[in-house]
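I have placed the structure first, in the form of structure tokens, so that the comments after it can refer back to it.
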Amino acid sequence: MRNTYDPQFRGACDLYNSSLESALRIVKRRGQLIPGATHTIESAERRCDVTIVLRSNHWHPDDFANFEFVSDYEVAGLTNQYQTYGLGVPLIAVRKSHEAADPAEKYYPPGLSFPVTAFLRVVPRNPATATDDDVDCTPQQVFLEIYDPLQSTDIHVAGRQVPLESDASTALAYYLNNPELKLEQLATLGLLHPEKNEQQAGLYMLQPYEKGKIPVVMIHGLWSSPLTWMEMFNDLQGDPRLRSRYQFWFFLYPTGQPFWISAAKLRDELAEMRRRVDPEGLEPALDEMVLVGHSMGGLVA
């Protein structure tokens with residue numbers, strides 16, 4: 001086994017990742033990059049059945065509307081960019097709204113994007129049972145695995161634990177820069193025209209709800225919106241120790257209305273959230289919830 005500091009070792013990883021990315025671009029252009037789908041690929045020497053498998057306990061196949069390649073974008077507006085290096089192709093998954101199966105899906109904002117990593121796993125043939133006819137006729141089993149890198153940082157390959165390549169910051173920047181969402185207008189709209197912002201007010205989460213993790217609810221101040229927390233959120237979710245213990249939620253409210261009305265709205269939202277995700281009231285992490293308020297957000301808290 002080569003030393004991981006050997007440039008040829010890193011070169012082999014780069015070759016794998018770049019080759020897989022090139023293949024994924026072809027699959028995407030054909031409209032076939034769909035979790036749950038199986039495609040047959042034929043070459044001069046063999047036939048492969050490729051199944052796209054979602055390896056996540058939180059996201060579902062119906063959540064995926066589109067994929068973008070991290071390598072096509074350059075992050076601006078976030079001071080730090082959180083990446084890990086290993087095997088796999090970092091992607092930006094754009095969420096599709098659908099009939100919610102999970103009670104917490106109500107709290108996802110429209111147009112949400114999140115990080116995933118694609119890894120291609122080839123199932124080796126059994127040399128003890130395979131024959132020449134099998135090699136010619138039996139399709140090679142291949143799995144294109146889609147991981148949530150905020151949940152899975154390593155995978156097992158050929159009996160070894162291998163780190164996944166990932167990039168969480170680019171997916172966040174992609175969401176924040178979506179011109180259709182007009183996120184930068186939320187602060188002014190909420191201050192000058194609070195009645196127009198009332199329907200958007202409420203609790204939001206940018207990652208699936210996770211039992212056992214303590215919620216940290218961030219409440220913005222006057223003439224502001226949850227955008228003010230994104231720099232901090234990027235740093236918090238980029239720390240694996242914090243990410244393993246806490247989950248981060250955001251409360252949006254129109255700052256042009258009296259803060260005690262917003263406080264009542266926050267109480268109602270938190271109570272409804274608990275009824276949805278923990279109707280029996282048995283989840284201890286929800287009893288340790290942390291509220292972080294800035295300026296008027298402190299009064300709301």
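By convention in this document, the chains of the structure tokens carry letters A, B, ... by their order, each chain's residues are numbered from 1, and ligands are numbered from 1 in the order they are shown.
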Could you give me, as a VMD selection string, each residue of stretch 60-168 of chain A that DSSP assigns to strand (DSSP E) when run on this structure's backbone? chain A and resid 64 to 69 83 to 84 89 to 95 113 to 122 140 to 147 154 to 157 160 to 163 166 to 167
Residue subset to file, keeping C-alpha atoms, as a PDB file, in the first residue's frame:
ATOM      1  CA  PHE A  64     -34.030  15.599  -5.585  1.00  0.00           C
ATOM      2  CA  ALA A  65     -34.979  17.930  -8.422  1.00  0.00           C
ATOM      3  CA  ASN A  66     -31.545  18.520  -9.911  1.00  0.00           C
ATOM      4  CA  PHE A  67     -27.816  18.198  -9.356  1.00  0.00           C
ATOM      5  CA  GLU A  68     -25.113  20.798  -9.964  1.00  0.00           C
ATOM      6  CA  PHE A  69     -21.363  20.206  -9.918  1.00  0.00           C
ATOM      7  CA  GLN A  83     -14.139  21.020   2.185  1.00  0.00           C
ATOM      8  CA  THR A  84     -12.862  17.542   2.890  1.00  0.00           C
ATOM      9  CA  VAL A  89     -17.533  13.856  -6.492  1.00  0.00           C
ATOM     10  CA  PRO A  90     -19.062  16.718  -4.447  1.00  0.00           C
ATOM     11  CA  LEU A  91     -22.426  17.816  -5.847  1.00  0.00           C
ATOM     12  CA  ILE A  92     -25.068  20.402  -5.073  1.00  0.00           C
ATOM     13  CA  ALA A  93     -28.501  18.813  -4.745  1.00  0.00           C
ATOM     14  CA  VAL A  94     -31.460  21.105  -5.428  1.00  0.00           C
ATOM     15  CA  ARG A  95     -34.512  20.035  -3.468  1.00  0.00           C
ATOM     16  CA  SER A 113     -29.976  23.182  -1.950  1.00  0.00           C
ATOM     17  CA  PHE A 114     -27.702  20.921   0.085  1.00  0.00           C
ATOM     18  CA  PRO A 115     -24.397  19.045  -0.314  1.00  0.00           C
ATOM     19  CA  VAL A 116     -24.089  15.449  -1.442  1.00  0.00           C
ATOM     20  CA  THR A 117     -21.180  13.310  -2.635  1.00  0.00           C
ATOM     21  CA  ALA A 118     -21.354  10.681  -5.389  1.00  0.00           C
ATOM     22  CA  PHE A 119     -19.237   7.516  -5.181  1.00  0.00           C
ATOM     23  CA  LEU A 120     -19.150   4.668  -7.709  1.00  0.00           C
ATOM     24  CA  ARG A 121     -18.904   1.189  -6.187  1.00  0.00           C
ATOM     25  CA  VAL A 122     -18.196  -1.751  -8.501  1.00  0.00           C
ATOM     26  CA  GLN A 140     -21.451  -6.245 -13.904  1.00  0.00           C
ATOM     27  CA  GLN A 141     -23.242  -4.869 -10.848  1.00  0.00           C
ATOM     28  CA  VAL A 142     -22.361  -1.235 -10.159  1.00  0.00           C
ATOM     29  CA  PHE A 143     -23.830   1.150  -7.595  1.00  0.00           C
ATOM     30  CA  LEU A 144     -23.652   4.934  -7.859  1.00  0.00           C
ATOM     31  CA  GLU A 145     -24.023   5.882  -4.212  1.00  0.00           C
ATOM     32  CA  ILE A 146     -25.231   9.332  -3.148  1.00  0.00           C
ATOM     33  CA  TYR A 147     -24.097  10.298   0.368  1.00  0.00           C
ATOM     34  CA  ASP A 154     -16.171   8.063   5.610  1.00  0.00           C
ATOM     35  CA  ILE A 155     -17.115   4.936   3.695  1.00  0.00           C
ATOM     36  CA  HIS A 156     -15.775   1.377   3.586  1.00  0.00           C
ATOM     37  CA  VAL A 157     -14.043   0.317   0.383  1.00  0.00           C
ATOM     38  CA  ARG A 160     -10.656  -0.017   4.371  1.00  0.00           C
ATOM     39  CA  GLN A 161     -12.194   3.152   5.752  1.00  0.00           C
ATOM     40  CA  VAL A 162     -11.875   5.914   3.162  1.00  0.00           C
ATOM     41  CA  PRO A 163     -12.770   9.612   3.599  1.00  0.00           C
ATOM     42  CA  SER A 166     -17.107  16.930   0.153  1.00  0.00           C
ATOM     43  CA  ASP A 167     -17.927  20.629  -0.011  1.00  0.00           C
TER      44      ASP A 167
END
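Residues of stretch 47-173 of chain A that DSSP, applied to the backbone, places in alpha helix (DSSP H): Asp132, Asp133, Asp134, Val135, Asp136, Cys137, Ala168, Ser169, Thr170, Ala171, Leu172 and Ala173 of chain A.
For the pair atom CA of A:Glu21 and atom CA of A:Gly111, the interatomic distance is 24.0 Å.
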Can you check which parts of stretch 71-147 of chain A lie within 9 Å of stretch 9-14 of chain A? Per residue, the shortest pair of atoms and distance in Å to one decimal, counting only C-alpha atoms, sorted by chain and number, as JSON lines.
{"residue": "A:Gly86", "atom": "CA", "partner": "A:Cys13", "partner_atom": "CA", "distance": 7.2}
{"residue": "A:Leu87", "atom": "CA", "partner": "A:Cys13", "partner_atom": "CA", "distance": 6.3}
{"residue": "A:Gly88", "atom": "CA", "partner": "A:Cys13", "partner_atom": "CA", "distance": 8.8}
To one decimal in Å, tell me the separation between atom CA of A:Arg276 and atom CA of A:Lys182. 28.8 Å
Excluding A:Gln257 and any residue of its chain fewer than 6 positions from it, enumerate the residues within 9 Å of it, using only C-alpha atoms, and give them as number ranges by chain. A: 190-191, 194-195
Give me a file of those residues, with N, CA and C atoms, as a PDB file, in the first residue's frame.
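The result, written out as selection-v5.pdb:
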ATOM      1  N   GLY A 190     -39.759  43.047   5.370  1.00  0.00           N
ATOM      2  CA  GLY A 190     -40.278  42.808   6.711  1.00  0.00           C
ATOM      3  C   GLY A 190     -40.346  44.051   7.562  1.00  0.00           C
ATOM      4  N   LEU A 191     -39.479  45.043   7.268  1.00  0.00           N
ATOM      5  CA  LEU A 191     -39.482  46.285   8.033  1.00  0.00           C
ATOM      6  C   LEU A 191     -40.532  47.258   7.522  1.00  0.00           C
ATOM      7  N   PRO A 194     -44.571  44.862   6.704  1.00  0.00           N
ATOM      8  CA  PRO A 194     -44.635  43.609   7.478  1.00  0.00           C
ATOM      9  C   PRO A 194     -45.821  42.741   7.095  1.00  0.00           C
ATOM     10  N   GLU A 195     -46.909  43.362   6.633  1.00  0.00           N
ATOM     11  CA  GLU A 195     -48.078  42.563   6.261  1.00  0.00           C
ATOM     12  C   GLU A 195     -47.791  41.669   5.051  1.00  0.00           C
TER      13      GLU A 195
END
Give me the residues within 9 Å of stretch 204-218 of chain A as an NGL selection string, counting only C-alpha atoms and dropping any in the same chain fewer than 2 places off. :A and (58-59 or 104-109 or 112-114 or 172 or 202 or 220 or 226 or 229 or 243-252 or 277 or 283-294 or 297)
Kindly give the distance, in Å, that separates atom CA of A:Ser152 and atom CA of A:Asn57, rounded to a single decimal. 10.0 Å
